[in-house]
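Accompanying notes for the structure given below.
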Amino acid sequence: MWRRHLLIAPVVLFLAVLLVVPYVNMVRMSFLVKPPGERYLNVFTLDNYARVLRDGFYWRILANTVWYAVLTTALTLVLGYPLAYAIARAPNRRRPLLLMLLIAPLLVGVVIRAYGWLILLGRVGLVNELLRALGRQPVELMYNVTGMTIGLVHVFMPFMALSIAGALQNISPDVERAARSLGASPWKTFWRVTWPLSLPGVFAGMLLVFVLAVSSYVIPILLGGNNVLVIPMLVVQLLLDAFNWPVGSALAMVFFGLTAILLWGYVKLMNRALRWSLR
Amino acid sequence: MSEGRSPLFIAVVVALYAFLIAPIVIIVLAAFNAGEYLRFPPEGFSIRWFVKFAQSGPFVRAFVFSLQLAAATTLISTVLGGMAAFYVVRHAGRFRDTLRLLVIAPLQLPAILTGIALLLFFYGTGIGTRGMRALLLGHTLVCLPYVFLTIATVLIGFDRSLEEAARSLGAGPLTTFRRVTLPLIKGGVISGALFAFITSFDQFPISLLLVSVGNTTLPLQLFDYLRFSFDPTAAAVSTVSVLMSVAIVLIIHRLVGLESIAWGGPR
């Protein structure tokens with residue numbers, strides 16, 4: 001029955017050539033010499049890494065990028081939890097509608113959603129037109145960190161809500177009812193029963209949103225304008241505008257390497273927290 | 001809170017949904033508004049921005065190009081993703097988890113990083129980014145996991161005794177696949193294809209890196225346009241794209257149910 005392996009061969013070949021080789025090639029590129037006026041030389045060097053690691057500017061942008069992602073993760077958690085709860089505990093006939101309203105925005109292009117925010121919150125947007133009509137000062141909501149954060153939270157909140165709703169779905173409503181019938185207040189029931197049981201979904205959602213937010217490029221560039229700089233923007237600038245492939249690749253490697261280490265620590269910590277909370 | 005029906009909780013949830021759909025609704029309103037800007041009160045209903053879209057060469061070209069690209073991407077990723085789903089669910093044995101991780105890897109890796117890696121690779125090998133080829137390969141790579149996950153979900157719940165019955169009645173493997181298996185998993189295959197289509201149609205970061213001179217996709221054209229003007233032609237273009245997304249969500253819901261997609265996928 002060797003013929004059945006023909007089913008997977010094309011996919012493995014496709015992914016090997018278009019995923020594995022390009023990534024390995026990018027790692028190789030980060031170790032090559034960049035002479036002025038030329039793309040790269042096939043000579044090994046560590047200079048690109050030294051240049052990236054010694055530059056305080058890169059570290060500052062890196063800290064900003066991580067901070068924006070942490071902020072986005074925290075906000076999507078606070079806003080996504082009630083949504084997830086409403087979906088998981090909705091009557092069966094209403095749940096499909098609630099899910100549809102959560103998933104539909106995910107399938108609308110990110111440029112279009114950013115454009116919607118510009119119409120709403122831009123300098124000549126609806127909110128500022130309203131303020132002007134009321135005789136108030138316009139507020140700067142777009143092309144800064146505020147605008148970018150609104151956009152990031154909007155884009156990633158459905159992922160957080162879906163992840164938490166999945167966990168809440170697995171908690172039997174009877175557990176909550178039992179706590180209530182034993183005299184626990186609704187708040188106490190939530191904090192002592194529902195919240196600890198939903199933690200796996202919360203941690204998975206936080207992980208997902210952080211990874212997506214830290215590497216996002218489109219929303220920062222569209223809604224952050226010239227006032228926000230994140231590492232993915234810097235990498236694209238180095239590669240496409242400065243044509244510096246070796247340093248651009250090295251910066252990408254350092255950034256995603258550090259992110260991976262951060263995530264590894266996070267997963268370790270969360271596993272410990274889970275074990276502790278379920279004791 | 002325990003029953004989730006206090007007025008405050010309902011108000012919060014309604015506000016969150018309003019936040020989620022506000023930017024999308026506002027685009028549709030802007031597209032049908034007669035004026036240059038959305039104002040209170042609105043300046044009346046008009047389809048002039050749709051007419052302007054239909055007359056705009058760059059937008060129409062980008063729209064047609066994106067449709068072609070998405071159609072080609074859908075075809076290739078559905079065939080590849082479907083084959084992978086069959087193999088991983090039914091035959092993979094001890095390589096199952098490894099293969100699953102490999103196929104969904106493009107979903108886990110940051111799209112912008114994958115785009116950069118592909119760009120360097122295409123230039124390095126001399127394949128280049130001319131024409132649709134580079135975009136097609138890049139889009140197929142990121143659409144593959146969606147098809148794989150959707151088809152794998154329906155295959156896991158598949159009752160194989162139906163196939164065995166067909167075989168024992170004398171049908172060959174191909175006939176069994178065509179007359180029994182395919183009709184039963186049709187919903188999953190179509191849903192996966194639609195996911196791939198809309199993912200390709202809306203793709204931005206990979207397109208930005210792999211696009212070539214002369215061919216631009218609709219999201220890239222919109223992005224360029226919005227840097228210099230806020231004319232509601234862009235809103236009309238976006239509205240057409242939003243309507244496509246909404247239609248696709250509704251069809252997928254009818255075919256396989258959104259709940260199975262939301263948290264029924266193979267873990």
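Order determines the names: the first chain of the structure tokens is A, the second B, and so forth; residues in each chain are numbered 1 upward, and ligands are numbered 1 upward as they are shown.
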
Using only C-alpha atoms, determine which residues lie at most 7 Å from region 226-230 of chain A, disregarding the query and same-chain residues fewer than 6 positions distant; provide the list as an MDAnalysis selection string. chainID A and resid 61 64:65 143:145 220

Practice prompt. Identify every residue of chain B that has at least one atom within 6 Å of any atom of chain A, counting only C-alpha atoms, and report the result as a PyMOL selection string.
Written response: chain B and resi 1-2+13+23-24+27+80+83-84+110+117-118+121+202+242+245+263

DSSP helix (DSSP H, G or I) residues within region 40-264 of chain B, listed as a PyMOL selection string = chain B and resi 48-55+57-91+93-108+111-125+133-156+161-168+173-202+205-210+218-228+233-256+258-263

Discussion item. Set the distance at 10 Å and use only C-alpha atoms: which residues neighbour Val142 (chain B) once local chain neighbours fewer than 6 positions away are removed? I'd like the list as a VMD selection string.
Written reply: chain B and resid 73 77 103 to 109 111 114 to 115 196 199 to 200 203 206

From CA of Gly128 (chain B) to CA of Val213 (chain B) the spacing works out at 11.7 Å

Atom pair CA of Gly37 (chain A) + CA of Leu135 (chain B), distance 28.1 Å

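Considering the residues A:Ala204, A:Leu71, A:Leu223, A:Asp55 and counting only C-alpha atoms, Phe223 (chain B) has its shortest atom-to-atom contact with A:Leu223.
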
#### Entry: Pick from B:Gly214, B:Gly131, B:Gly35, B:Gly157, whichever lies nearest to Ser260 (chain B) using only C-alpha atoms
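Result for the nearest residue to Ser260 (chain B): B:Gly157.
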